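Encoded as structure tokens, the structure appears first; notes follow it.
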Amino acid sequence: MDKKEKRSFSWFWKWFLDNKFVAGLLIIFLILVNINLFTKVSYLFFPVWQFLAIVALPIILAGILFYLLNPIVNFFEKRGIQRIYSIIGLFILVSGLIVWGVVVIIPEIREQVTMFVDRLPGYINTAENALNDFFSDPVFDRAQDQIAISSERIMSSVTEMVQNISRTTVQSIGNFFGAVASIFIAIVTMPVILFYLLKDGKRIAPYFVQFLPTKMRQPTLRVLKEMNQQVSSYIRGQLTVAFAVAILFMVGFSIIGLDYAITLGVIAGFLNLVPYVGSFLAMIPAIFLGIVGGPVLLIQVIIVFAIEQLIEGRLISPLVLGNQLAIHPVTILFVLLTAGNLFGFFGVVLGVPAYAALKVVITNIFNWYKTISGVYTDDEDASSRENEPKK
């Protein structure tokens with residue numbers, strides 16, 4: 001290569017390949033090309049997706065319980081108790097709690113739900129009368145027509161929704177039995193998967209990493225360890241906060257005498273697994289019952305909700321969760337919307353930890369790219385020079 005060709009190549013490298021914007025566009029282009037190729041041959045992966053659809057639920061449930069129980073097993077192992085004995089003891093304890101819940105909690109919830117369904121028509125009439133009395137105030141005289149039109153639209157929408165549900169009920173019977181079969185398979189296989197995860201969980205990552213090239217093993221193990229820390233911290237924290245929220249609502253609603261306190265507390269704890277949104281969704285039935293019970297009960301419900309939010313936001317969440325994920329709340333909301341739209345309920349519940357794990361992978365890949373490309377060397381050198389103390 002003569003000097004002229006070297007000069008032209010160096011110019012090409014400087015103004016094209018060494019351009020950060022162009023490098024980013026090339027990476028995005030390659031990713032899109034790969035995605036397009038996979039969509040062209042997606043039919044080849046159909047058996048794989050079917051297999052994953054069958055095993056996904058028990059693996060997810062076992063993984064959640066693994067992150068919850070593994071610290072306890074590690075604690076006893078450090079005290080000299082073999083893992084197998086700790087696992088068996090935990091299985092017995094969890095089985096006892098499940099039996100207690102089936103015998104005590106579930107009948108109470110079933111009774112409260114049955115009572116609510118029986119009283120629902122009366123609740124609706126009471127709430128409708130309360131709203132009519134509220135909007136009959138002279139202040140709303142000018143808006144009576146708009147309120148009436150809006151009420152008619154809401155009632156027609158509700159009627160149409162009920163008709164659609166009744167129309168699709170028969171069509172969904174097959175899907176219902178399929179879901180029941182999947183849940184039964186998950187309940188049967190999940191304890192087995194959980195047992196071996198608790199027993200041999202530490203060996204899984206090194207076993208798969210040994211098939212990689214030698215230079216990639218330690219970085220891959222580091223990335224997997226960081227992903228595991230992010231996901232485990234989030235899952236344990238969210239489950240702990242959800243349990244605390246359920247207890248707070250049960251106690252608060254019981255103190256003010258709100259009906260269905262246990263059921264509402266369980267619903268609140270379950271929905272609290274959805275960050276930022278779950279607690280507000282859980283308050284909808286409580287506020288409805290407060291409207292039915294009168295202004296005093298409604299104010300008491302709002303006070304309970306305010307106290308719960310204060311305790312959760314100022315004490316429980318910072319103590320349990322902290323800032324472990326370092327994800328902005330707006331980003332979490334976008335993740336929830338996207339994952340929920342793509343994957344439904346599991347996407348809403350597992351979208352944030354999946355995003356945290358993906359963020360770890362992308363961050364490490366980007367750091368690796370910065371190291372080997374040298375594209376960001378000038379900026380890093382300049383920033384390091386600026387941080388150096390002046391002589």
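Identifiers in this document derive from the order of the structure tokens: chains are assigned A, B, ..., residues are numbered from 1 separately in each chain, and ligands are numbered from 1 in order of occurrence.
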
I want to know what sits within 6 Å of region 347-364 of chain A, based on only C-alpha atoms, with residues of the same chain fewer than 5 positions away left out; could you give that as a JSON list (two decimals) with C-alpha atoms, in the first residue's frame?
[["chain", "number", "residue", "atom", "x", "y", "z"],
["A", 227, "MET", "CA", -27.22, -9.83, 36.89],
["A", 231, "VAL", "CA", -32.55, -9.61, 39.97],
["A", 274, "VAL", "CA", -46.31, -3.75, 40.05],
["A", 336, "LEU", "CA", -44.20, -1.61, 32.55],
["A", 339, "ALA", "CA", -43.67, -5.33, 28.80],
["A", 340, "GLY", "CA", -47.34, -5.47, 29.76]]

Next item on the list: Using only C-alpha atoms, determine which residues lie at most 10 Å from region 187-189 of chain A, disregarding the query and same-chain residues fewer than 2 positions distant; provide the list as a PyMOL selection string.
Entry: chain A and resi 55+57-59+61-62+181-185+191-194

Write the selection just made, keeping N, CA and C atoms, as a PDB file, in the first residue's frame?
ATOM      1  N   VAL A  55     -42.601 -24.852  29.873  1.00  0.00           N
ATOM      2  CA  VAL A  55     -41.710 -24.874  31.044  1.00  0.00           C
ATOM      3  C   VAL A  55     -41.513 -23.492  31.658  1.00  0.00           C
ATOM      4  N   LEU A  57     -43.621 -21.208  33.055  1.00  0.00           N
ATOM      5  CA  LEU A  57     -44.301 -20.923  34.311  1.00  0.00           C
ATOM      6  C   LEU A  57     -43.644 -21.611  35.508  1.00  0.00           C
ATOM      7  N   PRO A  58     -43.393 -22.928  35.480  1.00  0.00           N
ATOM      8  CA  PRO A  58     -42.720 -23.526  36.647  1.00  0.00           C
ATOM      9  C   PRO A  58     -41.319 -22.999  36.880  1.00  0.00           C
ATOM     10  N   ILE A  59     -40.588 -22.672  35.803  1.00  0.00           N
ATOM     11  CA  ILE A  59     -39.236 -22.131  35.978  1.00  0.00           C
ATOM     12  C   ILE A  59     -39.295 -20.741  36.604  1.00  0.00           C
ATOM     13  N   LEU A  61     -41.732 -19.481  38.542  1.00  0.00           N
ATOM     14  CA  LEU A  61     -42.142 -19.624  39.942  1.00  0.00           C
ATOM     15  C   LEU A  61     -41.000 -20.172  40.794  1.00  0.00           C
ATOM     16  N   ALA A  62     -40.299 -21.178  40.271  1.00  0.00           N
ATOM     17  CA  ALA A  62     -39.170 -21.732  41.015  1.00  0.00           C
ATOM     18  C   ALA A  62     -38.060 -20.701  41.180  1.00  0.00           C
ATOM     19  N   ALA A 181     -54.541 -26.747  33.071  1.00  0.00           N
ATOM     20  CA  ALA A 181     -53.562 -27.826  32.893  1.00  0.00           C
ATOM     21  C   ALA A 181     -52.139 -27.299  33.053  1.00  0.00           C
ATOM     22  N   SER A 182     -51.861 -26.104  32.502  1.00  0.00           N
ATOM     23  CA  SER A 182     -50.519 -25.522  32.640  1.00  0.00           C
ATOM     24  C   SER A 182     -50.200 -25.212  34.099  1.00  0.00           C
ATOM     25  N   ILE A 183     -51.192 -24.690  34.827  1.00  0.00           N
ATOM     26  CA  ILE A 183     -50.967 -24.382  36.243  1.00  0.00           C
ATOM     27  C   ILE A 183     -50.743 -25.657  37.044  1.00  0.00           C
ATOM     28  N   PHE A 184     -51.494 -26.700  36.718  1.00  0.00           N
ATOM     29  CA  PHE A 184     -51.311 -27.977  37.429  1.00  0.00           C
ATOM     30  C   PHE A 184     -49.913 -28.541  37.177  1.00  0.00           C
ATOM     31  N   ILE A 185     -49.460 -28.473  35.918  1.00  0.00           N
ATOM     32  CA  ILE A 185     -48.106 -28.945  35.605  1.00  0.00           C
ATOM     33  C   ILE A 185     -47.068 -28.115  36.343  1.00  0.00           C
ATOM     34  N   PRO A 191     -41.799 -27.565  42.556  1.00  0.00           N
ATOM     35  CA  PRO A 191     -40.989 -27.950  43.725  1.00  0.00           C
ATOM     36  C   PRO A 191     -39.722 -28.720  43.362  1.00  0.00           C
ATOM     37  N   VAL A 192     -39.806 -29.546  42.320  1.00  0.00           N
ATOM     38  CA  VAL A 192     -38.623 -30.310  41.903  1.00  0.00           C
ATOM     39  C   VAL A 192     -37.545 -29.371  41.374  1.00  0.00           C
ATOM     40  N   ILE A 193     -37.956 -28.430  40.514  1.00  0.00           N
ATOM     41  CA  ILE A 193     -36.994 -27.456  39.980  1.00  0.00           C
ATOM     42  C   ILE A 193     -36.411 -26.606  41.102  1.00  0.00           C
ATOM     43  N   LEU A 194     -37.268 -26.184  42.029  1.00  0.00           N
ATOM     44  CA  LEU A 194     -36.804 -25.362  43.147  1.00  0.00           C
ATOM     45  C   LEU A 194     -35.806 -26.124  44.010  1.00  0.00           C
TER      46      LEU A 194
END

Margin query: What's the separation between CA of Gly252 (chain A) and CA of Ala306 (chain A), in Å to one decimal place?
Written below: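 Between CA of Gly252 (chain A) and CA of Ala306 (chain A) the gap works out to 10.8 Å.
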
Next item on the list: Can you work out which one of A:Ser254, A:Asn367, A:Gln230, A:Gln238 has the shortest atom-to-atom distance to Leu271 (chain A), counting only C-alpha atoms?
Entry: A:Gln238

Note to self: Give me the residues near Pro285 (chain A) as an NGL selection string, where near means some atom within 12 Å (using only C-alpha atoms) and where sequence neighbours in that chain fewer than 5 positions away do not count.
What the structure shows: :A and (116 or 120 or 123 or 258-261 or 263-265 or 267-268 or 279-280 or 290-292 or 298 or 301)

Margin query: Would you pick out the contacts of Gly269 (chain A) at 12 Å or less, using only C-alpha atoms, so that residues sharing its chain but fewer than 4 positions from it are not included, and give the list as a list of chain:residue names?
Written below: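 That gives A:Gln238, A:Leu239, A:Thr240, A:Val241, A:Ala242, A:Phe243, A:Ala244, A:Val245, A:Ala246, A:Ile247, A:Leu248, A:Phe249, A:Met250, A:Ile262, A:Thr263, A:Leu264, A:Gly265, A:Leu273, A:Val274, A:Pro275, A:Val277, A:Gly278, A:Ser279, A:Phe280, A:Leu281, A:Ala282, A:Met283, A:Glu308, A:Glu312.
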